[in-house]
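Enquirer: The structure is given below, and queries will be raised subsequently.
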Amino acid sequence: MDSRLKTIFLVVGLVVATLGAPVSTRALVPRFAYVANSQDDTISIFAIERAHLRAVGYTYVGPGSDPVSVAVTPSQKFLFAASGRAGVYGYSIDGITGTLTPIPGSPFGSGPMLGITITPSEHYAVTAGGNGISSYSINPNSGALTSAASATSDNAIAIAVDPKVPFVFAVDATADSIAGFAINDSTGELNPVPNSPYTVGSNPRSVAIDPLGRFLYVPNGNAASVSAFSINPKTGQLTVVPGTPFATGLNPIDAVLTHSGKFLFVGNSSDKTISQYAVDRSTGVLVSVAQPFSTGSSGPLGLTVSPTQPLLYVGNHDSNEVGVLGITRGGILFNESSIRSRGPATAIALVSGSSAISYAAKFVYESNAVSNDIWGYQVSAAGYLSELSTSPFATGTSPTSIATDLGGRFVFGANSVDGYVSAFTINSQTGALTLAPGSPIAAGGLPLGIAVDANAHYVYVSNSTLNTISGFAVSLNGSLTPVPGSPFVAGGSAPGGLTIDPRGKVLYGANAKSSTVSVYEIDAETGTLTNWGSVVAGEFPVAIAINPEGKYLYALNRSSFNLSCFAIDGVTGILSSLPNGPSFGSTLLNSISVDSLGKRVYTTGSNVVVAYTLFGNNGRLKLLPGSPFGDVSGASSLAVDLSDSFLYVSNSNDSSVSGFAIDKAKGSLAPLSGSPFRAGTEPTSVAVVNSFE
């Protein structure tokens, strides 16, 4: 597909084809949201935590894959992504971690695929695209697709399935029509329903079907309206609902009904609003319940609803965000939260399970500069640390910092004296570390900082004396391979602390001697870095941290004894300075971390932990009541577990690890029983591995 057509399709608003699809009765609680980032060739993965999303990684689909629509099978076992360039990419879903694993033989089919849906029986995936309407049988064990049948539809751009009977409906953007087909659940054969196709308004964009299969709605992009039809449950024939068409905002693109079928929401791309309607359950007539809801500076493109909670998920394409909106009993929307996606969000699909996601601290690891090793600990339910029987684990010379991936598969360490990076795999049962093949691997001069993205696609190390950053691709066995172009020239002098934004798109580096923070875009396919410039921080920044939503960055400035605060541009990742970063007197601080809910910032150094509360919607900080907290000794690093229950600090002065219980309501810290815990000689860094349940 050439760039002109790709742009047209994006403007048209390629949307989720499964909005009307049923949710399995066995899958009651939403666990993960998958977001297609069409221009980034990725699918972002978010854990669902009530009305909030937590970024847990991404999957790179393929070069030029242009994923524009995603669909999940009713069993929640497989996810399929329609490629705006060619074919369907299939993945197996890990219901515990949300990880996607490519299905062998993927991608399936050929030609542009602009929409995809799954039949209620899960026997077939049906696509709409350049080759018309196509059905594919789904292997129930592997998820592999096999071509079954096809039907003509020249410009089909979106498709939906009736959740009650095997009818599929596809909109034709240029013919201003919607075509209906009965699908044979044994053969996949597609047969037009009576009187198909049916005329709709100008430039239809998508199709939504209510959960009972009674009504169908089509947003008409150029007509600022939505067409409504009733569905004959025996034949699939459509009948116009009285009062059709119903007025919307400008350029309506996507539509979705709540799972009760009582309310319909329509995303209007041009005026950046969502129209809100009540549905007459006997006639299908739409009645506006409120003025269109504003989505700010971004047009809503992909909409889907929670199967169990009054929540609407919105892909804000222009701002690279996913918004979570609450729904009142009267069908009126209100803001709950938002989070950054890796690219322009075009479609969203949800995966559910028998229980909500929960986290617990599982293992703690700390590196030691003098004993040249990593110590590992098992974490009890109360946060108590017990040394692993296989600990310690030998590293290179003088490990300065360590990092772990979100899934707890690996530990990576930067060894400052010998200039190498050590990579270890983690035994998920015992916590034992095993050196990965080919490890250690050379980095550069005096590597200090290290960062890994959530899914462990890439690891980056700052080489402070060479003013470079080394990048490595991570294989399934933990071995490291330099990414193309590595090492990269750093954006300043004496690079140290590194962090990757939660979506895995941007690397940030603190340049101590330049007193700046540099911004690097990460290529999803190769891991190559592109320097997007630097911003001035305070004097001698040594550590940086980002809030979980990916909206704010904080730099700890050792020499000016303060924090620099920055807003992060959602599209580019570029930083803008925020005023009034807090000062901490003459206290020498070394490390900074933001809790997993984005409520508090913790810093440590010398003999205290200094904590701040995030408040308002602009990244502001104020000192947490009761802060600073003691019971540390020459603290070098700190880490908070994903449940926000515990905070651990590595102490270089007395070679120990301090543990604190976090008051979840107040954020205050209380020393754990048995703390501090014995460690190696002169600990330099600490990391927590969490379990997903």
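Naming scheme: A, B, ... for chains in displayed order of the structure tokens; residues 1 onward per chain; ligands 1 onward as shown.
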List every residue of stretch 317-410 of chain A that has an atom at most 12 Å from any atom of stretch 265-270 of chain A, giving for each one its closest atom pair and the distance in Å to one decimal, counting only C-alpha atoms, sorted by chain and then by ascending residue number, as JSON lines.

Expert:
{"residue": "A:His317", "atom": "CA", "partner": "A:Ser269", "partner_atom": "CA", "distance": 9.2}
{"residue": "A:Asp318", "atom": "CA", "partner": "A:Ser269", "partner_atom": "CA", "distance": 9.7}
{"residue": "A:Leu325", "atom": "CA", "partner": "A:Phe265", "partner_atom": "CA", "distance": 11.4}
{"residue": "A:Ile327", "atom": "CA", "partner": "A:Phe265", "partner_atom": "CA", "distance": 10.5}
{"residue": "A:Gly331", "atom": "CA", "partner": "A:Phe265", "partner_atom": "CA", "distance": 9.0}
{"residue": "A:Ile332", "atom": "CA", "partner": "A:Phe265", "partner_atom": "CA", "distance": 9.7}
{"residue": "A:Leu333", "atom": "CA", "partner": "A:Phe265", "partner_atom": "CA", "distance": 9.3}
{"residue": "A:Thr346", "atom": "CA", "partner": "A:Ser269", "partner_atom": "CA", "distance": 11.7}

Enquirer: Got time to write the residues from that selection, N, CA and C atoms, as a PDB file, in the first residue's frame?

Expert:
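Saved to again35.pdb:
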ATOM      1  N   HIS A 317      -6.139   9.101  18.615  1.00  0.00           N
ATOM      2  CA  HIS A 317      -5.148   8.873  17.570  1.00  0.00           C
ATOM      3  C   HIS A 317      -4.120   9.986  17.477  1.00  0.00           C
ATOM      4  N   ASP A 318      -4.542  11.227  17.562  1.00  0.00           N
ATOM      5  CA  ASP A 318      -3.622  12.346  17.343  1.00  0.00           C
ATOM      6  C   ASP A 318      -2.612  12.515  18.474  1.00  0.00           C
ATOM      7  N   LEU A 325     -12.922   6.417  29.964  1.00  0.00           N
ATOM      8  CA  LEU A 325     -14.032   7.272  30.345  1.00  0.00           C
ATOM      9  C   LEU A 325     -15.046   6.477  31.148  1.00  0.00           C
ATOM     10  N   ILE A 327     -18.901   5.859  32.596  1.00  0.00           N
ATOM     11  CA  ILE A 327     -20.254   5.991  32.052  1.00  0.00           C
ATOM     12  C   ILE A 327     -21.226   6.015  33.223  1.00  0.00           C
ATOM     13  N   GLY A 331     -25.890   7.166  31.038  1.00  0.00           N
ATOM     14  CA  GLY A 331     -25.174   7.079  29.776  1.00  0.00           C
ATOM     15  C   GLY A 331     -24.323   8.283  29.455  1.00  0.00           C
ATOM     16  N   ILE A 332     -23.972   9.079  30.463  1.00  0.00           N
ATOM     17  CA  ILE A 332     -23.165  10.275  30.252  1.00  0.00           C
ATOM     18  C   ILE A 332     -21.708   9.964  30.611  1.00  0.00           C
ATOM     19  N   LEU A 333     -20.785  10.445  29.786  1.00  0.00           N
ATOM     20  CA  LEU A 333     -19.363  10.140  29.924  1.00  0.00           C
ATOM     21  C   LEU A 333     -18.662  11.142  30.838  1.00  0.00           C
ATOM     22  N   THR A 346      -5.390   3.215  16.821  1.00  0.00           N
ATOM     23  CA  THR A 346      -6.490   3.109  15.866  1.00  0.00           C
ATOM     24  C   THR A 346      -7.546   2.102  16.274  1.00  0.00           C
TER      25      THR A 346
END

Enquirer: Can you list, as a PyMOL selection string, every protein, DNA or RNA residue that comes within 9 Å of A:Val240 when you count only C-alpha atoms, leaving out same-chain residues fewer than 2 positions away?

Expert: chain A and resi 227-230+238+242-244

Enquirer: Which residue is closest to A:Ala512? Choose from A:Ile426, A:Val542, A:Leu435, A:Val536 and count only C-alpha atoms.

Expert: A:Val542

Enquirer: Apply DSSP to the structure's backbone, then extract all residues of stretch 266-397 of chain A labelled strand (DSSP E) and return them as number ranges by chain.

Expert: A: 266-268, 273-279, 286-294, 300-305, 311-316, 321-327, 333-340, 345-353, 359-368, 373-379, 385-387, 393-394

Enquirer: Could those selected residues go to a file with C-alpha atoms, as a compact mmCIF listing (two decimals), in the first residue's frame?

Expert:
# COMPACT_ATOMS: atom_id res chain seq x y z
CA VAL A 266 -20.01 7.69 18.38
CA GLY A 267 -16.51 9.12 18.02
CA ASN A 268 -16.35 12.29 15.92
CA THR A 273 -15.99 14.72 20.51
CA ILE A 274 -18.02 11.63 21.36
CA SER A 275 -21.77 11.76 20.77
CA GLN A 276 -23.82 10.15 23.54
CA TYR A 277 -27.17 8.44 22.91
CA ALA A 278 -29.73 6.35 24.71
CA VAL A 279 -31.11 3.47 22.62
CA LEU A 286 -31.41 7.11 19.27
CA VAL A 287 -31.98 9.93 21.74
CA SER A 288 -29.14 12.27 22.70
CA VAL A 289 -28.55 12.20 26.47
CA ALA A 290 -26.02 15.04 26.64
CA GLN A 291 -23.90 17.38 24.58
CA PRO A 292 -21.04 15.62 22.76
CA PHE A 293 -18.21 14.78 25.14
CA SER A 294 -14.93 16.58 24.33
CA PRO A 300 -11.32 9.54 18.95
CA LEU A 301 -10.68 6.66 16.56
CA GLY A 302 -10.96 3.30 18.31
CA LEU A 303 -13.75 2.78 20.86
CA THR A 304 -14.60 -0.26 22.95
CA VAL A 305 -16.43 -0.88 26.21
CA LEU A 311 -16.11 2.19 31.20
CA LEU A 312 -15.41 3.29 27.63
CA TYR A 313 -11.90 2.93 26.20
CA VAL A 314 -10.98 5.47 23.53
CA GLY A 315 -8.03 5.50 21.15
CA ASN A 316 -6.96 9.13 20.87
CA GLU A 321 -3.08 8.12 24.05
CA VAL A 322 -5.73 5.77 25.29
CA GLY A 323 -8.43 7.41 27.36
CA VAL A 324 -10.62 5.67 29.93
CA LEU A 325 -14.03 7.27 30.35
CA GLY A 326 -16.59 6.46 32.99
CA ILE A 327 -20.25 5.99 32.05
CA LEU A 333 -19.36 10.14 29.92
CA PHE A 334 -16.75 11.55 32.29
CA ASN A 335 -12.95 11.40 32.42
CA GLU A 336 -11.32 8.67 34.50
CA SER A 337 -7.72 8.37 33.29
CA SER A 338 -5.46 8.23 30.26
CA ILE A 339 -2.14 6.67 29.30
CA ARG A 340 0.32 7.01 26.43
CA ALA A 345 -4.03 4.35 18.50
CA THR A 346 -6.49 3.11 15.87
CA ALA A 347 -8.19 0.13 17.52
CA ILE A 348 -8.62 -1.51 20.93
CA ALA A 349 -9.51 -5.06 21.97
CA LEU A 350 -9.93 -6.39 25.50
CA VAL A 351 -9.03 -9.75 27.04
CA SER A 352 -10.79 -10.95 30.17
CA GLY A 353 -10.21 -13.68 32.72
CA TYR A 359 0.73 -8.12 41.67
CA ALA A 360 2.99 -9.24 44.48
CA ALA A 361 6.69 -8.78 45.16
CA LYS A 362 8.39 -12.10 44.41
CA PHE A 363 12.18 -11.62 44.35
CA VAL A 364 14.57 -8.79 45.19
CA TYR A 365 18.07 -8.53 43.69
CA GLU A 366 20.88 -6.17 44.64
CA SER A 367 24.32 -5.66 43.08
CA ASN A 368 27.56 -5.17 45.03
CA ASP A 373 28.12 -10.16 42.69
CA ILE A 374 24.35 -10.01 42.85
CA TRP A 375 22.46 -11.18 45.90
CA GLY A 376 18.94 -12.54 45.52
CA TYR A 377 16.09 -12.75 48.01
CA GLN A 378 12.66 -14.37 48.25
CA VAL A 379 9.96 -11.91 49.37
CA LEU A 385 13.58 -10.86 52.59
CA SER A 386 15.09 -14.37 52.77
CA GLU A 387 18.37 -15.01 50.98
CA PHE A 393 25.68 -14.77 41.71
CA ALA A 394 29.00 -13.64 40.24

Enquirer: Quick one: which stretch 97-213 of chain A residues come within 12 Å of stretch 252-260 of chain A, and what is the nearest atom pair for each with the distance in Å to one decimal, counting only C-alpha atoms, rows ordered by chain and ascending number, as JSON lines?

Expert:
{"residue": "A:Ile157", "atom": "CA", "partner": "A:Ile253", "partner_atom": "CA", "distance": 11.3}
{"residue": "A:Ala158", "atom": "CA", "partner": "A:Asp254", "partner_atom": "CA", "distance": 9.9}
{"residue": "A:Ile159", "atom": "CA", "partner": "A:Asp254", "partner_atom": "CA", "distance": 11.7}
{"residue": "A:Ala160", "atom": "CA", "partner": "A:Val256", "partner_atom": "CA", "distance": 11.0}
{"residue": "A:Pro163", "atom": "CA", "partner": "A:His259", "partner_atom": "CA", "distance": 11.2}
{"residue": "A:Val171", "atom": "CA", "partner": "A:Ile253", "partner_atom": "CA", "distance": 11.9}
{"residue": "A:Ala173", "atom": "CA", "partner": "A:Ile253", "partner_atom": "CA", "distance": 11.3}
{"residue": "A:Gly201", "atom": "CA", "partner": "A:Pro252", "partner_atom": "CA", "distance": 11.2}
{"residue": "A:Ser202", "atom": "CA", "partner": "A:Pro252", "partner_atom": "CA", "distance": 10.9}
{"residue": "A:Asn203", "atom": "CA", "partner": "A:Ile253", "partner_atom": "CA", "distance": 9.6}
{"residue": "A:Pro204", "atom": "CA", "partner": "A:Ile253", "partner_atom": "CA", "distance": 7.9}
{"residue": "A:Arg205", "atom": "CA", "partner": "A:Ile253", "partner_atom": "CA", "distance": 5.2}
{"residue": "A:Ser206", "atom": "CA", "partner": "A:Asp254", "partner_atom": "CA", "distance": 5.7}
{"residue": "A:Val207", "atom": "CA", "partner": "A:Ala255", "partner_atom": "CA", "distance": 6.8}
{"residue": "A:Ala208", "atom": "CA", "partner": "A:Val256", "partner_atom": "CA", "distance": 5.6}
{"residue": "A:Ile209", "atom": "CA", "partner": "A:Leu257", "partner_atom": "CA", "distance": 7.3}
{"residue": "A:Asp210", "atom": "CA", "partner": "A:Leu257", "partner_atom": "CA", "distance": 6.0}
{"residue": "A:Pro211", "atom": "CA", "partner": "A:His259", "partner_atom": "CA", "distance": 6.0}
{"residue": "A:Leu212", "atom": "CA", "partner": "A:Ser260", "partner_atom": "CA", "distance": 8.8}
{"residue": "A:Gly213", "atom": "CA", "partner": "A:Leu257", "partner_atom": "CA", "distance": 11.3}

Enquirer: Need to verify the contact set: stretch 606-614 of chain A, 7 Å, only C-alpha atoms, exclusion of same-chain residues closer than 3 positions in sequence. Can you return it as a compact mmCIF listing (two decimals) with C-alpha atoms, in the first residue's frame?

Expert:
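Everything below was put into part-v5.txt:
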# COMPACT_ATOMS: atom_id res chain seq x y z
CA THR A 587 20.91 16.15 51.45
CA LEU A 588 22.96 14.16 48.95
CA LEU A 589 20.51 11.98 46.97
CA LYS A 599 0.80 9.03 43.13
CA ARG A 600 4.20 9.51 44.74
CA VAL A 601 7.89 10.07 44.00
CA TYR A 602 10.50 8.54 46.29
CA THR A 603 14.15 9.62 46.42
CA GLY A 619 3.09 16.89 37.37
CA ARG A 620 3.51 19.10 40.44
CA LEU A 621 5.17 17.71 43.57
CA LYS A 622 4.92 18.54 47.24
CA LEU A 623 6.68 16.99 50.21
CA LEU A 624 4.84 13.98 51.59
CA SER A 627 9.00 12.85 55.00
CA PRO A 628 11.94 12.35 55.19
CA PHE A 629 12.07 8.78 56.49
CA GLY A 630 15.17 7.25 58.06
CA ASP A 631 16.58 3.76 58.65
CA VAL A 632 18.92 3.76 55.64
CA SER A 633 22.70 4.06 55.54
CA GLY A 634 24.46 5.62 52.57
CA ALA A 635 21.56 4.67 50.33

Enquirer: Mind dumping a table of every stretch 384-426 of chain A residue within 7 Å of stretch 471-481 of chain A, with the nearest atom pair and its distance in Å to one decimal, using only C-alpha atoms, sorted by chain and rising number, as CSV?

Expert:
residue,atom,partner,partner_atom,distance
A:Phe410,CA,A:Gly478,CA,6.7
A:Ala423,CA,A:Gly478,CA,6.4
A:Phe424,CA,A:Gly478,CA,6.6
A:Thr425,CA,A:Gly478,CA,6.1

Enquirer: Just give me the gap between atom CA of A:Gly527 and atom CA of A:Tyr458 in Å, one decimal is fine.

Expert: 6.3 Å

Enquirer: I'd like to know which of A:Lys551, A:His457, A:Lys666, A:Arg409 is closest to A:Thr526, using only C-alpha atoms.

Expert: A:His457

Enquirer: Check the smallest atom-to-atom distance from each of A:Asp405, A:Asp172, A:Asp654, A:Asp162 to A:Ala128 using only C-alpha atoms, then report the winner.

Expert: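 Counting only C-alpha atoms, the residue closest to A:Ala128 is A:Asp172.
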
Enquirer: Got a sec: who's within 9 Å of A:Phe660, counting only C-alpha atoms, leaving out chain neighbours fewer than 2 positions off, as a list in words?

Expert: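 The filter keeps Gly383, Ser645, Phe646, Leu647, Tyr648, Val649, Ser658, Ile662, Leu669, Ala670, Pro671, Leu672, Ser673 and Ser675 of chain A.
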
Enquirer: Could you write out that same residue set with C-alpha atoms as a tab-separated table (two decimals), in the first residue's frame?

Expert:
chain	number	residue	atom	x	y	z
A	383	GLY	CA	7.80	-8.10	52.61
A	645	SER	CA	3.21	-2.44	49.19
A	646	PHE	CA	6.98	-2.34	49.74
A	647	LEU	CA	9.98	-0.13	49.09
A	648	TYR	CA	13.54	-1.48	49.23
A	649	VAL	CA	16.78	0.51	49.55
A	658	SER	CA	16.38	-1.75	54.03
A	662	ILE	CA	4.15	1.59	52.26
A	669	LEU	CA	7.01	4.39	55.12
A	670	ALA	CA	7.44	2.06	58.10
A	671	PRO	CA	10.48	-0.25	58.49
A	672	LEU	CA	9.73	-3.92	57.91
A	673	SER	CA	10.32	-6.47	60.62
A	675	SER	CA	15.06	-4.74	58.28

Enquirer: Using only C-alpha atoms, pick whichever of A:Tyr420, A:Leu498, A:Pro676, A:Leu406 has the shortest atom-to-atom distance to A:Asp641.

Expert: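 Counting only C-alpha atoms, the residue closest to A:Asp641 is A:Leu406.
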
Enquirer: Which value, in Å to one decimal, gives the distance between atom CA of A:Val461 and atom CA of A:Ile45?

Expert: 24.8 Å

Enquirer: If we count only C-alpha atoms and set the cut-off at 8 Å, which residues sit around stretch 397-402 of chain A, ignoring sequence neighbours fewer than 3 positions away in its own chain? Please answer as number ranges by chain.

Expert: A: 366-373, 411-418, 447-450, 684-687
